[in-house]
>>> print(open('protein-v2.cif').read())   # mmCIF, C-alpha atoms
data_protein
loop_
_atom_site.label_atom_id
_atom_site.label_comp_id
_atom_site.auth_asym_id
_atom_site.auth_seq_id
_atom_site.Cartn_x
_atom_site.Cartn_y
_atom_site.Cartn_z
CA MET X 828 92.38 52.22 -19.98
CA VAL X 829 90.12 49.63 -18.45
CA ASP X 830 91.93 47.28 -16.09
CA VAL X 831 91.78 43.48 -16.09
CA ALA X 832 89.24 43.24 -13.26
CA ASP X 833 86.80 45.52 -15.08
CA LYS X 834 87.12 43.54 -18.31
CA LEU X 835 86.43 40.33 -16.42
CA ALA X 836 83.43 41.86 -14.68
CA TYR X 837 82.02 43.26 -17.91
CA PHE X 838 82.58 39.95 -19.75
CA GLN X 839 80.79 38.06 -16.94
CA ALA X 840 77.92 40.56 -16.91
CA ILE X 841 77.35 40.24 -20.69
CA THR X 842 77.88 36.47 -21.07
CA GLY X 843 76.43 35.33 -17.75
CA LEU X 844 79.41 33.03 -17.04
CA GLU X 845 80.20 32.62 -13.33
CA ASP X 846 83.49 30.70 -13.71
CA LEU X 847 86.18 33.35 -13.32
CA ASP X 848 88.98 31.07 -14.57
CA LEU X 849 87.03 30.23 -17.72
CA CYS X 850 86.37 33.91 -18.43
CA THR X 851 90.06 34.66 -17.91
CA GLU X 852 91.09 31.97 -20.38
CA ILE X 853 88.64 33.26 -23.02
CA LEU X 854 89.88 36.83 -22.69
CA GLN X 855 93.52 35.73 -22.76
CA ALA X 856 92.87 33.72 -25.92
CA HIS X 857 91.56 36.90 -27.56
CA GLY X 858 94.41 39.08 -26.41
CA TRP X 859 92.17 40.74 -23.77
CA ASP X 860 90.15 42.31 -26.58
CA LEU X 861 86.80 42.59 -24.78
CA GLU X 862 84.64 43.15 -27.85
CA LEU X 863 86.31 40.34 -29.81
CA ALA X 864 85.92 37.92 -26.88
CA ILE X 865 82.22 38.78 -26.42
CA SER X 866 81.51 38.53 -30.15
CA SER X 867 83.34 35.19 -30.36
CA PHE X 868 81.53 33.77 -27.34
CA THR X 869 78.05 34.85 -28.37
CA GLY X 870 78.59 33.75 -31.96
CA GLY X 871 78.04 37.22 -33.42
CA GLU X 872 75.01 39.34 -32.57
CA ALA X 873 72.91 37.81 -29.79
CA SER X 874 69.17 37.96 -29.79
CA HIS X 875 67.46 40.52 -27.63
CA ASP X 876 66.09 38.01 -25.12
CA GLU X 877 69.45 36.21 -24.75
CA THR X 878 71.37 39.44 -24.19
CA ALA X 879 68.81 40.68 -21.68
CA GLY X 880 69.06 37.39 -19.78
CA ALA X 881 72.86 37.63 -19.64
CA ALA X 882 72.65 41.21 -18.45
CA SER X 883 70.70 40.06 -15.37
CA ALA X 884 74.07 39.39 -13.72
CA SER X 885 74.25 43.17 -13.17
CA THR X 886 72.13 45.14 -10.74
CA VAL X 887 70.07 47.34 -13.08
CA THR X 888 67.31 49.88 -12.78
CA ALA X 889 66.77 52.54 -15.42
CA THR X 890 65.01 55.86 -15.76
CA ASP X 891 62.86 55.92 -18.93
CA THR X 892 62.21 59.39 -20.30
CA GLY X 893 60.01 58.37 -23.17
CA THR X 894 56.73 56.55 -23.58
CA VAL X 895 57.35 54.36 -26.62
CA PRO X 896 57.15 50.59 -25.88
CA ALA X 897 60.19 48.41 -26.13
CA GLY X 898 58.75 46.39 -28.96
CA SER X 899 59.64 49.12 -31.43
CA SER X 900 62.76 50.39 -29.74
CA ASN X 901 65.57 47.87 -29.43
CA SER X 902 66.16 47.57 -33.14
CA ALA X 903 69.36 45.80 -34.08
CA PRO X 904 72.42 47.72 -35.27
CA PRO X 905 73.13 48.08 -38.99
CA GLU X 906 75.22 44.91 -39.05
CA ALA X 907 72.28 42.88 -37.79
CA LEU X 908 69.77 44.63 -40.09
CA GLU X 909 71.77 43.53 -43.16
CA ARG X 910 71.17 39.85 -42.48
CA SER X 911 68.91 37.94 -44.80
CA ASP X 912 65.44 36.89 -43.67
CA SER X 913 66.40 33.24 -43.74
CA GLU X 914 69.40 33.84 -41.49
CA VAL X 915 67.33 35.80 -39.01
CA GLY X 916 64.70 33.07 -38.96
CA ALA X 917 67.35 30.46 -38.32
CA VAL X 918 68.82 32.42 -35.41
CA ALA X 919 65.39 33.04 -33.91
CA ALA X 920 64.41 29.40 -34.25
CA ALA X 921 67.52 27.96 -32.64
CA ALA X 922 69.55 30.43 -30.61
CA PRO X 923 72.71 28.72 -29.28
CA GLY X 924 72.40 27.78 -25.64
CA LEU X 925 75.05 27.78 -22.92
CA ALA X 926 75.74 24.06 -23.39
CA TRP X 927 76.48 24.55 -27.11
CA LYS X 928 78.74 27.50 -26.31
CA LEU X 929 80.72 25.42 -23.83
CA VAL X 930 81.06 22.60 -26.38
CA THR X 931 82.31 24.98 -29.08
CA LEU X 932 84.41 26.99 -26.65
CA PRO X 933 87.74 25.19 -27.41
CA ILE X 934 87.22 25.85 -31.12
CA SER X 935 86.46 29.50 -30.36
CA VAL X 936 89.55 29.74 -28.17
CA ILE X 937 91.75 28.16 -30.89
CA SER X 938 90.28 30.34 -33.62
CA GLY X 939 90.66 33.36 -31.38
CA GLY X 940 94.33 32.46 -30.78
CA LEU X 941 94.94 32.05 -34.54
CA GLY X 942 93.16 35.34 -35.13
CA LEU X 943 95.37 36.98 -32.53
CA VAL X 944 98.55 35.70 -34.28
CA SER X 945 97.22 36.73 -37.66
CA GLY X 946 96.27 40.13 -36.32
CA ALA X 947 99.73 40.62 -34.80
CA VAL X 948 101.43 39.76 -38.11
CA GLY X 949 99.04 42.01 -40.00
CA LEU X 950 99.63 44.84 -37.56
CA GLY X 951 103.39 44.49 -38.08
CA PHE X 952 103.02 44.74 -41.87
CA TRP X 953 100.61 47.65 -41.49
CA VAL X 954 102.95 49.60 -39.22
CA ALA X 955 105.93 48.89 -41.49
CA GLY X 956 103.95 49.97 -44.53
CA GLY X 957 102.80 53.09 -42.77
CA ILE X 958 106.35 54.05 -41.80
CA LEU X 959 107.61 53.42 -45.33
CA SER X 960 104.75 55.41 -46.86
CA TYR X 961 105.33 58.27 -44.42
CA SER X 962 109.09 58.27 -45.15
CA LEU X 963 108.52 58.36 -48.92
CA GLY X 964 105.96 61.10 -48.48
CA MET X 965 108.45 63.21 -46.55
CA VAL X 966 110.90 63.13 -49.47
CA GLY X 967 108.20 63.79 -52.04
CA ILE X 968 107.80 60.23 -53.29
CA GLY X 969 104.63 58.21 -53.05
CA PRO X 970 100.89 58.89 -53.02
CA SER X 971 101.17 61.23 -50.05
CA ALA X 972 103.44 63.66 -51.89
CA GLY X 973 101.86 67.03 -52.57
CA ARG X 974 99.48 66.88 -49.61
CA ASN X 975 99.66 69.41 -46.77
CA GLY X 976 101.56 68.66 -43.59
CA GLY X 977 98.45 67.77 -41.58
CA GLU X 978 97.33 65.20 -44.11
CA SER X 979 100.79 63.69 -44.55
CA SER X 980 101.16 63.14 -40.83
CA SER X 981 98.06 60.96 -40.40
CA ARG X 982 97.97 58.83 -37.29
CA LEU X 983 99.51 55.39 -37.42
CA VAL X 984 97.35 53.97 -34.61
CA SER X 985 93.57 53.84 -35.19
CA VAL X 986 90.99 54.21 -32.47
CA SER X 987 88.93 51.25 -31.24
CA ALA X 988 85.58 50.42 -32.79
CA SER X 989 83.72 51.49 -29.65
CA ALA X 990 85.57 54.80 -29.54
CA ARG X 991 84.83 55.35 -33.23
CA GLU X 992 81.14 54.73 -32.59
CA ALA X 993 81.23 57.21 -29.70
CA MET X 994 82.92 59.82 -31.90
CA ASP X 995 80.35 59.22 -34.65
CA PHE X 996 77.52 59.64 -32.15
CA VAL X 997 78.89 62.94 -30.82
CA ALA X 998 79.44 64.22 -34.35
CA ALA X 999 75.94 63.19 -35.43
CA PHE X 1000 74.41 64.69 -32.29
CA GLU X 1001 76.12 68.06 -32.81
CA ARG X 1002 75.34 68.00 -36.52
CA GLU X 1003 71.65 67.27 -35.87
CA TYR X 1004 71.00 69.42 -32.79
CA GLY X 1005 73.91 71.86 -32.70
CA ALA X 1006 76.56 72.54 -30.10
CA GLY X 1007 75.75 72.55 -26.42
CA GLY X 1008 74.29 69.89 -24.19
CA PRO X 1009 76.19 67.29 -22.17
CA ASN X 1010 79.89 66.86 -22.88
CA PHE X 1011 79.70 63.29 -24.18
CA VAL X 1012 83.09 61.57 -24.07
CA THR X 1013 84.39 60.16 -27.35
CA GLU X 1014 85.42 56.75 -26.03
CA GLY X 1015 83.90 53.34 -25.42
CA PHE X 1016 81.55 52.59 -22.58
CA MET X 1017 84.10 50.76 -20.42
CA ASP X 1018 86.65 53.54 -20.87
CA ALA X 1019 83.99 56.08 -19.95
CA LEU X 1020 83.11 54.02 -16.88
CA GLN X 1021 86.76 53.95 -15.86
CA ARG X 1022 86.99 57.70 -16.41
CA SER X 1023 84.01 58.22 -14.09
CA ARG X 1024 85.65 56.04 -11.44
CA ASN X 1025 88.94 57.92 -11.68
CA SER X 1026 87.16 61.26 -11.39
CA PHE X 1027 84.97 59.97 -8.53
CA LYS X 1028 81.78 60.65 -10.45
CA LEU X 1029 78.86 58.63 -11.70
CA LEU X 1030 78.38 57.86 -15.39
CA PHE X 1031 75.40 59.46 -17.13
CA VAL X 1032 74.27 57.26 -20.04
CA TYR X 1033 72.03 58.40 -22.88
CA LEU X 1034 70.88 55.85 -25.46
CA HIS X 1035 69.59 57.50 -28.61
CA SER X 1036 66.99 55.97 -30.92
CA PRO X 1037 66.68 57.93 -34.19
CA ASP X 1038 63.51 55.98 -35.05
CA HIS X 1039 61.42 57.30 -32.15
CA SER X 1040 59.41 60.48 -32.51
CA ASP X 1041 60.18 61.70 -28.99
CA SER X 1042 63.96 61.70 -29.52
CA PRO X 1043 64.33 65.05 -31.40
CA GLY X 1044 62.23 67.00 -28.91
CA PHE X 1045 63.99 65.41 -25.94
CA CYS X 1046 67.43 66.22 -27.36
CA GLU X 1047 66.57 69.79 -28.34
CA ARG X 1048 64.50 70.89 -25.33
CA THR X 1049 65.78 68.68 -22.52
CA LEU X 1050 69.33 67.43 -23.08
CA ARG X 1051 70.48 70.74 -24.55
CA SER X 1052 68.82 72.86 -21.87
CA GLU X 1053 71.37 74.99 -20.07
CA VAL X 1054 70.33 73.97 -16.56
CA LEU X 1055 70.39 70.20 -17.21
CA SER X 1056 73.59 70.37 -19.25
CA GLU X 1057 75.43 72.24 -16.51
CA PHE X 1058 74.16 69.81 -13.89
CA ILE X 1059 75.26 66.74 -15.90
CA ASN X 1060 78.66 68.21 -16.82
CA HIS X 1061 79.36 69.23 -13.24
CA ASN X 1062 78.28 66.02 -11.52
CA PHE X 1063 78.72 63.22 -14.07
CA VAL X 1064 80.84 61.83 -16.85
CA ALA X 1065 78.49 61.71 -19.85
CA TRP X 1066 78.47 58.89 -22.41
CA GLY X 1067 76.04 58.54 -25.28
CA GLY X 1068 75.42 55.99 -27.96
CA SER X 1069 73.00 55.20 -30.75
CA ILE X 1070 71.16 51.90 -30.59
CA ARG X 1071 71.88 51.58 -34.31
CA ALA X 1072 75.56 51.15 -33.43
CA SER X 1073 77.00 47.94 -32.04
CA GLU X 1074 77.92 49.11 -28.53
CA GLY X 1075 74.81 51.24 -28.15
CA PHE X 1076 72.67 48.26 -29.10
CA LYS X 1077 74.51 46.00 -26.63
CA MET X 1078 74.18 48.56 -23.84
CA SER X 1079 70.45 48.91 -24.52
CA ASN X 1080 70.14 45.17 -23.85
CA SER X 1081 72.50 45.21 -20.87
CA LEU X 1082 70.66 48.10 -19.25
CA LYS X 1083 67.28 46.61 -20.23
CA ALA X 1084 66.12 49.76 -21.98
CA SER X 1085 62.39 49.41 -22.64
CA ARG X 1086 61.42 52.92 -23.78
CA TYR X 1087 63.09 55.77 -25.53
CA PRO X 1088 64.55 58.32 -25.08
CA PHE X 1089 66.47 56.40 -22.39
CA CYS X 1090 68.71 57.84 -19.67
CA ALA X 1091 70.47 56.03 -16.86
CA VAL X 1092 73.02 56.67 -14.14
CA VAL X 1093 75.70 53.97 -13.86
CA MET X 1094 78.37 53.41 -11.26
CA PRO X 1095 81.14 50.78 -10.92
CA ALA X 1096 80.12 48.62 -7.97
CA THR X 1097 82.51 47.61 -5.20
CA ASN X 1098 82.48 44.02 -6.46
CA GLN X 1099 83.85 45.21 -9.82
CA ARG X 1100 80.56 44.51 -11.58
CA ILE X 1101 78.55 47.05 -13.52
CA ALA X 1102 75.66 48.27 -11.38
CA LEU X 1103 73.05 50.75 -12.44
CA LEU X 1104 72.33 53.33 -9.74
CA GLN X 1105 68.69 52.84 -8.88
CA GLN X 1106 68.08 56.33 -7.68
CA ALA X 1107 67.92 54.65 -4.28
CA ARG X 1108 68.95 57.74 -2.39
CA GLU X 1109 66.35 59.84 -4.13
CA ARG X 1110 63.67 57.24 -3.48
CA GLN X 1111 64.66 56.91 0.16
CA ARG X 1112 64.67 60.68 0.54
CA ARG X 1113 61.25 60.90 -1.09
CA GLU X 1114 59.88 58.09 1.08
CA GLU X 1115 61.30 59.75 4.18
CA GLU X 1116 59.74 63.06 3.22
CA GLU X 1117 56.41 61.33 2.59
CA ARG X 1118 56.64 59.55 5.94
CA VAL X 1119 57.44 62.77 7.78
CA ALA X 1120 54.64 64.53 5.91
CA ARG X 1121 52.18 61.76 6.82
CA GLU X 1122 53.21 61.84 10.47
CA ALA X 1123 52.97 65.62 10.53
CA ALA X 1124 49.54 65.50 8.89
CA GLU X 1125 48.41 62.80 11.33
CA ALA X 1126 49.68 64.80 14.30
CA GLU X 1127 48.01 67.92 12.97
CA ARG X 1128 44.78 66.00 12.42
CA LYS X 1129 44.82 64.63 15.98
CA LEU X 1130 45.63 68.05 17.38
CA LYS X 1131 42.79 69.55 15.39
CA GLU X 1132 40.40 66.83 16.57
CA GLU X 1133 41.44 67.38 20.19
CA GLU X 1134 41.01 71.13 19.81
CA GLU X 1135 37.62 70.66 18.21
CA ALA X 1136 36.63 68.25 21.00
CA ARG X 1137 37.69 70.79 23.63
CA GLU X 1138 35.82 73.55 21.86
CA ARG X 1139 32.79 71.33 21.48
CA ALA X 1140 32.88 70.35 25.16
CA ALA X 1141 33.30 73.99 26.20
CA GLN X 1142 30.44 74.99 23.93
CA GLU X 1143 28.22 72.24 25.31
CA ALA X 1144 29.11 73.21 28.88
CA ALA X 1145 28.37 76.84 28.09
CA GLU X 1146 25.06 75.83 26.54
CA ARG X 1147 24.17 73.74 29.58
CA GLU X 1148 25.10 76.57 31.92
CA ALA X 1149 23.05 79.00 29.85
CA ALA X 1150 20.13 76.57 29.94
CA ARG X 1151 20.43 76.23 33.71
CA ALA X 1152 20.63 80.00 34.07
CA ARG X 1153 17.48 80.41 32.00
CA MET X 1154 15.80 77.67 34.00
CA ARG X 1155 16.76 79.31 37.30
CA GLU X 1156 15.50 82.64 36.10
CA GLU X 1157 12.24 81.15 34.86
CA LYS X 1158 11.65 79.27 38.11
CA ALA X 1159 12.49 82.32 40.22
CA LEU X 1160 9.95 84.34 38.23
CA ALA X 1161 7.38 81.55 38.63
CA LEU X 1162 7.79 81.62 42.43
CA GLY X 1163 6.86 85.25 42.60
CA ALA X 1164 7.70 87.61 45.44
CA GLU X 1165 8.35 86.18 48.87
CA PRO X 1166 5.20 86.70 51.03
CA GLU X 1167 5.22 88.45 54.37
CA LYS X 1168 4.73 86.49 57.57
CA GLY X 1169 1.18 85.46 58.22
CA ALA X 1170 -1.17 82.66 59.24
CA ASP X 1171 -1.21 81.19 55.75
CA VAL X 1172 2.55 81.47 55.26
CA THR X 1173 4.93 78.53 55.77
CA GLN X 1174 8.57 79.05 56.82
CA VAL X 1175 10.90 76.59 55.06
CA LEU X 1176 14.59 75.91 55.84
CA VAL X 1177 16.67 73.99 53.28
CA ARG X 1178 20.13 72.57 54.05
CA PHE X 1179 22.52 71.62 51.22
CA PRO X 1180 25.22 68.91 51.19
CA THR X 1181 27.86 71.62 51.44
CA GLY X 1182 26.42 72.75 54.78
CA GLU X 1183 24.92 75.88 53.26
CA ARG X 1184 21.42 76.88 54.44
CA LYS X 1185 18.69 78.78 52.68
CA GLU X 1186 15.35 80.04 54.07
CA ARG X 1187 12.20 81.34 52.41
CA ARG X 1188 8.54 81.87 53.12
CA PHE X 1189 5.84 80.26 50.96
CA HIS X 1190 2.08 80.38 50.93
CA SER X 1191 0.82 77.20 52.50
CA SER X 1192 -1.18 76.52 49.34
CA LYS X 1193 2.05 76.21 47.29
CA THR X 1194 3.02 72.67 46.26
CA ILE X 1195 6.08 70.60 47.06
CA GLN X 1196 7.12 71.28 43.47
CA SER X 1197 7.48 74.95 44.44
CA LEU X 1198 10.16 73.92 46.97
CA TYR X 1199 12.08 72.08 44.19
CA ASP X 1200 11.78 75.11 41.94
CA TYR X 1201 13.16 77.26 44.73
CA VAL X 1202 16.16 74.96 45.23
CA ASP X 1203 16.80 74.91 41.46
CA SER X 1204 16.61 78.70 41.20
CA LEU X 1205 19.38 79.10 43.79
CA GLY X 1206 22.01 77.41 41.59
CA CYS X 1207 23.69 75.74 44.55
CA LEU X 1208 23.58 72.27 42.97
CA GLN X 1209 25.39 71.02 39.87
CA VAL X 1210 23.06 68.02 39.56
CA GLU X 1211 19.40 67.71 38.79
CA ASP X 1212 18.66 64.35 40.40
CA TYR X 1213 18.00 64.89 44.11
CA ASN X 1214 15.22 64.64 46.73
CA LEU X 1215 14.02 66.86 49.54
CA VAL X 1216 13.92 64.89 52.80
CA SER X 1217 12.75 65.69 56.37
CA ASN X 1218 13.91 64.07 59.61
CA PHE X 1219 11.96 62.96 62.66
CA PRO X 1220 10.17 61.19 61.14
CA ARG X 1221 12.19 60.69 57.94
CA THR X 1222 10.05 61.51 54.95
CA VAL X 1223 11.17 61.65 51.35
CA TYR X 1224 9.20 64.09 49.25
CA GLY X 1225 9.72 62.37 45.95
CA ASP X 1226 7.92 62.62 42.62
CA GLU X 1227 4.67 61.18 43.96
CA LYS X 1228 4.36 63.92 46.60
CA ARG X 1229 5.30 66.92 44.47
CA PRO X 1230 1.64 67.80 43.65
CA LEU X 1231 0.73 68.04 47.36
CA SER X 1232 0.44 71.48 48.98
CA LEU X 1233 2.67 72.37 51.88
CA LYS X 1234 -0.29 72.12 54.24
CA GLU X 1235 -1.40 68.75 52.83
CA ALA X 1236 2.13 67.42 53.14
CA GLY X 1237 2.24 68.42 56.86
CA LEU X 1238 4.94 71.08 56.35
CA HIS X 1239 2.87 74.04 57.59
CA PRO X 1240 3.55 76.31 59.46
CA GLN X 1241 7.27 75.55 59.23
CA ALA X 1242 9.52 72.82 57.87
CA SER X 1243 13.20 71.86 57.92
CA LEU X 1244 14.38 69.90 54.89
CA PHE X 1245 17.75 68.78 53.52
CA VAL X 1246 18.88 67.93 50.03
CA GLU X 1247 19.71 64.28 49.41
CA LEU X 1248 21.56 63.55 46.21
CA ASN X 1249 20.54 60.43 44.29
#
>>> encode(input="protein-v2.cif", output="structure tokens")
Amino acid sequence: MVDVADKLAYFQAITGLEDLDLCTEILQAHGWDLELAISSFTGGEASHDETAGAASASTVTATDTGTVPAGSSNSAPPEALERSDSEVGAVAAAAPGLAWKLVTLPISVISGGLGLVSGAVGLGFWVAGGILSYSLGMVGIGPSAGRNGGESSSRLVSVSASAREAMDFVAAFEREYGAGGPNFVTEGFMDALQRSRNSFKLLFVYLHSPDHSDSPGFCERTLRSEVLSEFINHNFVAWGGSIRASEGFKMSNSLKASRYPFCAVVMPATNQRIALLQQARERQRREEEERVAREAAEAERKLKEEEEARERAAQEAAEREAARARMREEKALALGAEPEKGADVTQVLVRFPTGERKERRFHSSKTIQSLYDYVDSLGCLQVEDYNLVSNFPRTVYGDEKRPLSLKEAGLHPQASLFVELN
């Protein structure tokens, strides 16, 4: 059974009262009957908005499996549907506030105490009558005579209203959709929550709305699927309820169900309050996977960009080298064959910054540009911006002197030049 701390926590979660002593007094006045205390405090069936506000004392997040809006979902249980229109209008127009409840609380406590005494006396008469009827039936006297043994030995202690609703839900579910599916427990929500705690499992909650078109398909194809049923039965304690019933309707408000079919995973929190498991671990795992995936994609993108940059640089270098090779070949062909020594032939010595020396003969009518083409065709330089310079006297044969012939530039019959990088 549910212990005192759980009843206090549940009563606080539903009513929104923070004063623990006050809650204890109310429950004691009602013989620790949780449903009677809640009904007495709320003045019967609470409105949807009031119940949802009181349920905010719990930490709740739900998983909606349907798409139907809440406006057509949280219909009141049969008891509430039987009210007259005038009564409903009166409740909607002036729902009792917390101040009114506190004012009327002593009356509720007194009436609850009187109800407890009356109930105890009635229970005594009922038990005595049951024993007398059973004894007469055993000797063949009384209305139970003639019945079979199973019928004559009916139970003397009835189940609670919440357990009866749970049993009715399971029976209706199996009658409508057949055997199979989750093993819904036939006990009230708080007892089911205690069972989940004792078995070190979470509580799987299914709230059923017969009025929604998605409910039959969800029950037949999803809840009763072999894979999901085995998973729920192995890892959870399953509890189900219809929102047409009293406890199912209250739980739909407490869990803030907005769409149907509605499923949730509930766990008893360490502070003894009802807390709905927010799928936090799953969300954190998903966010971690997304983060890792993003980082991996970013690293892969950077690696790909670096690889492409290297390939592009290598391709550009290869293209430049190929262009220089073509240029050297073209300039070597333009120079023609080296002439033999003669009166019109100029001997030219070129020294490079590396200390390397190159010599070649040119016709004296060739231009200074021919000397640059010769240097370029050798491939000894990795730069294109340089000048040919002579010493004693120092003369730079720059762009303005390239059209001059070797003889006009004073380099015939022989010249010694060096390469000066700009």
>>> closest_residue(input="protein-v2.cif", among="X:Ala1236, X:Ser1217, X:Gly1163, X:Ala1145", to="Thr1194 (chain X)", atoms="all atoms listed in the file")
X:Ala1236
>>> atom_distance(input="protein-v2.cif", atom1="CA of Asp1041 (chain X)", atom2="CA of Met1017 (chain X)")
27.7 Å
>>> atom_distance(input="protein-v2.cif", atom1="CA of Glu1247 (chain X)", atom2="CA of Pro1180 (chain X)")
7.4 Å
>>> atom_distance(input="protein-v2.cif", atom1="CA of Gly858 (chain X)", atom2="CA of Ala832 (chain X)")
14.7 Å
>>> closest_residue(input="protein-v2.cif", among="X:Gln1209, X:Met994, X:Lys1077, X:Ala1065", to="Leu1029 (chain X)", atoms="all atoms listed in the file")
X:Ala1065
>>> closest_residue(input="protein-v2.cif", among="X:Ala1126, X:Ser1243, X:Leu863, X:Glu852", to="Arg1184 (chain X)", atoms="all atoms listed in the file")
X:Ser1243
>>> residues_around(input="protein-v2.cif", residues="Ile865 (chain X)", least_positions_apart="5", cutoff="8 Å", atoms="only C-alpha atoms", output="ChimeraX atom specification")
/X:838,841-842
>>> residues_around(input="protein-v2.cif", residues="region 1185-1187 of chain X", least_positions_apart="6", cutoff="6 Å", atoms="only C-alpha atoms", output="list in words")
Val1175, Leu1176 and Val1177 of chain X
>>> closest_residue(input="protein-v2.cif", among="X:Gln839, X:Ser1040, X:Gln855, X:Asn1218", to="Ser1081 (chain X)", atoms="all atoms listed in the file")
X:Gln839
>>> closest_residue(input="protein-v2.cif", among="X:Phe1058, X:Tyr1087, X:Phe1011, X:Tyr1224", to="Ala998 (chain X)", atoms="only C-alpha atoms")
X:Phe1011
>>> resolve_selection(input="protein-v2.cif", expression="the PyMOL selection byres ((chain X and resi 1165-1168) around 7)", output="short mmCIF file (atom, residue, chain, number, x, y, z; two decimals) with C-alpha atoms, in the frame of the given file")
data_model
loop_
_atom_site.label_atom_id
_atom_site.label_comp_id
_atom_site.auth_asym_id
_atom_site.auth_seq_id
_atom_site.Cartn_x
_atom_site.Cartn_y
_atom_site.Cartn_z
CA GLY X 1163 6.86 85.25 42.60
CA ALA X 1164 7.70 87.61 45.44
CA GLY X 1169 1.18 85.46 58.22
CA VAL X 1172 2.55 81.47 55.26
CA ARG X 1188 8.54 81.87 53.12
CA PHE X 1189 5.84 80.26 50.96
#
>>> resolve_selection(input="protein-v2.cif", expression="the PyMOL selection byres ((chain X and resi 831) around 12)", output="list in words")
Met828, Val829, Asp830, Ala832, Asp833, Lys834, Leu835, Ala836, Tyr837, Phe838, Leu847, Cys850, Thr851, Leu854, Gln855, Gly858, Trp859, Asp860, Leu861, Met1017, Gln1021 and Gln1099 of chain X
>>> write_last_selection(input="protein-v2.cif", atoms="C-alpha atoms", output="short mmCIF file (atom, residue, chain, number, x, y, z; two decimals), in the coordinates of the input")
data_model
loop_
_atom_site.label_atom_id
_atom_site.label_comp_id
_atom_site.auth_asym_id
_atom_site.auth_seq_id
_atom_site.Cartn_x
_atom_site.Cartn_y
_atom_site.Cartn_z
CA MET X 828 92.38 52.22 -19.98
CA VAL X 829 90.12 49.63 -18.45
CA ASP X 830 91.93 47.28 -16.09
CA ALA X 832 89.24 43.24 -13.26
CA ASP X 833 86.80 45.52 -15.08
CA LYS X 834 87.12 43.54 -18.31
CA LEU X 835 86.43 40.33 -16.42
CA ALA X 836 83.43 41.86 -14.68
CA TYR X 837 82.02 43.26 -17.91
CA PHE X 838 82.58 39.95 -19.75
CA LEU X 847 86.18 33.35 -13.32
CA CYS X 850 86.37 33.91 -18.43
CA THR X 851 90.06 34.66 -17.91
CA LEU X 854 89.88 36.83 -22.69
CA GLN X 855 93.52 35.73 -22.76
CA GLY X 858 94.41 39.08 -26.41
CA TRP X 859 92.17 40.74 -23.77
CA ASP X 860 90.15 42.31 -26.58
CA LEU X 861 86.80 42.59 -24.78
CA MET X 1017 84.10 50.76 -20.42
CA GLN X 1021 86.76 53.95 -15.86
CA GLN X 1099 83.85 45.21 -9.82
#
>>> residues_near_point(input="protein-v2.cif", point="(9.4, 60.3, 54.0)", cutoff="12 Å", atoms="all atoms listed in the file", output="PDB file with C-alpha atoms, in the coordinates of the input")
ATOM      1  CA  ASN X1214      15.220  64.640  46.730  1.00  0.00           C
ATOM      2  CA  LEU X1215      14.020  66.860  49.540  1.00  0.00           C
ATOM      3  CA  VAL X1216      13.920  64.890  52.800  1.00  0.00           C
ATOM      4  CA  SER X1217      12.750  65.690  56.370  1.00  0.00           C
ATOM      5  CA  ASN X1218      13.910  64.070  59.610  1.00  0.00           C
ATOM      6  CA  PHE X1219      11.960  62.960  62.660  1.00  0.00           C
ATOM      7  CA  PRO X1220      10.170  61.190  61.140  1.00  0.00           C
ATOM      8  CA  ARG X1221      12.190  60.690  57.940  1.00  0.00           C
ATOM      9  CA  THR X1222      10.050  61.510  54.950  1.00  0.00           C
ATOM     10  CA  VAL X1223      11.170  61.650  51.350  1.00  0.00           C
ATOM     11  CA  TYR X1224       9.200  64.090  49.250  1.00  0.00           C
ATOM     12  CA  GLY X1225       9.720  62.370  45.950  1.00  0.00           C
ATOM     13  CA  ASP X1226       7.920  62.620  42.620  1.00  0.00           C
ATOM     14  CA  GLU X1227       4.670  61.180  43.960  1.00  0.00           C
ATOM     15  CA  LYS X1228       4.360  63.920  46.600  1.00  0.00           C
ATOM     16  CA  ALA X1236       2.130  67.420  53.140  1.00  0.00           C
ATOM     17  CA  GLY X1237       2.240  68.420  56.860  1.00  0.00           C
ATOM     18  CA  LEU X1238       4.940  71.080  56.350  1.00  0.00           C
ATOM     19  CA  LEU X1244      14.380  69.900  54.890  1.00  0.00           C
ATOM     20  CA  PHE X1245      17.750  68.780  53.520  1.00  0.00           C
ATOM     21  CA  GLU X1247      19.710  64.280  49.410  1.00  0.00           C
TER      22      GLU X1247
END
>>> resolve_selection(input="protein-v2.cif", expression="the PyMOL selection byres ((chain X and resi 1200) around 9)", output="short mmCIF file (atom, residue, chain, number, x, y, z; two decimals) with C-alpha atoms, keeping the file's coordinate frame")
data_model
loop_
_atom_site.label_atom_id
_atom_site.label_comp_id
_atom_site.auth_asym_id
_atom_site.auth_seq_id
_atom_site.Cartn_x
_atom_site.Cartn_y
_atom_site.Cartn_z
CA ARG X 1155 16.76 79.31 37.30
CA LYS X 1158 11.65 79.27 38.11
CA ALA X 1159 12.49 82.32 40.22
CA ALA X 1161 7.38 81.55 38.63
CA LEU X 1162 7.79 81.62 42.43
CA ILE X 1195 6.08 70.60 47.06
CA GLN X 1196 7.12 71.28 43.47
CA SER X 1197 7.48 74.95 44.44
CA LEU X 1198 10.16 73.92 46.97
CA TYR X 1199 12.08 72.08 44.19
CA TYR X 1201 13.16 77.26 44.73
CA VAL X 1202 16.16 74.96 45.23
CA ASP X 1203 16.80 74.91 41.46
CA SER X 1204 16.61 78.70 41.20
CA LEU X 1205 19.38 79.10 43.79
#
>>> closest_residue(input="protein-v2.cif", among="X:Gly1015, X:Gly1005, X:Pro1088, X:Gly1067", to="Tyr1033 (chain X)", atoms="all atoms listed in the file")
X:Gly1067
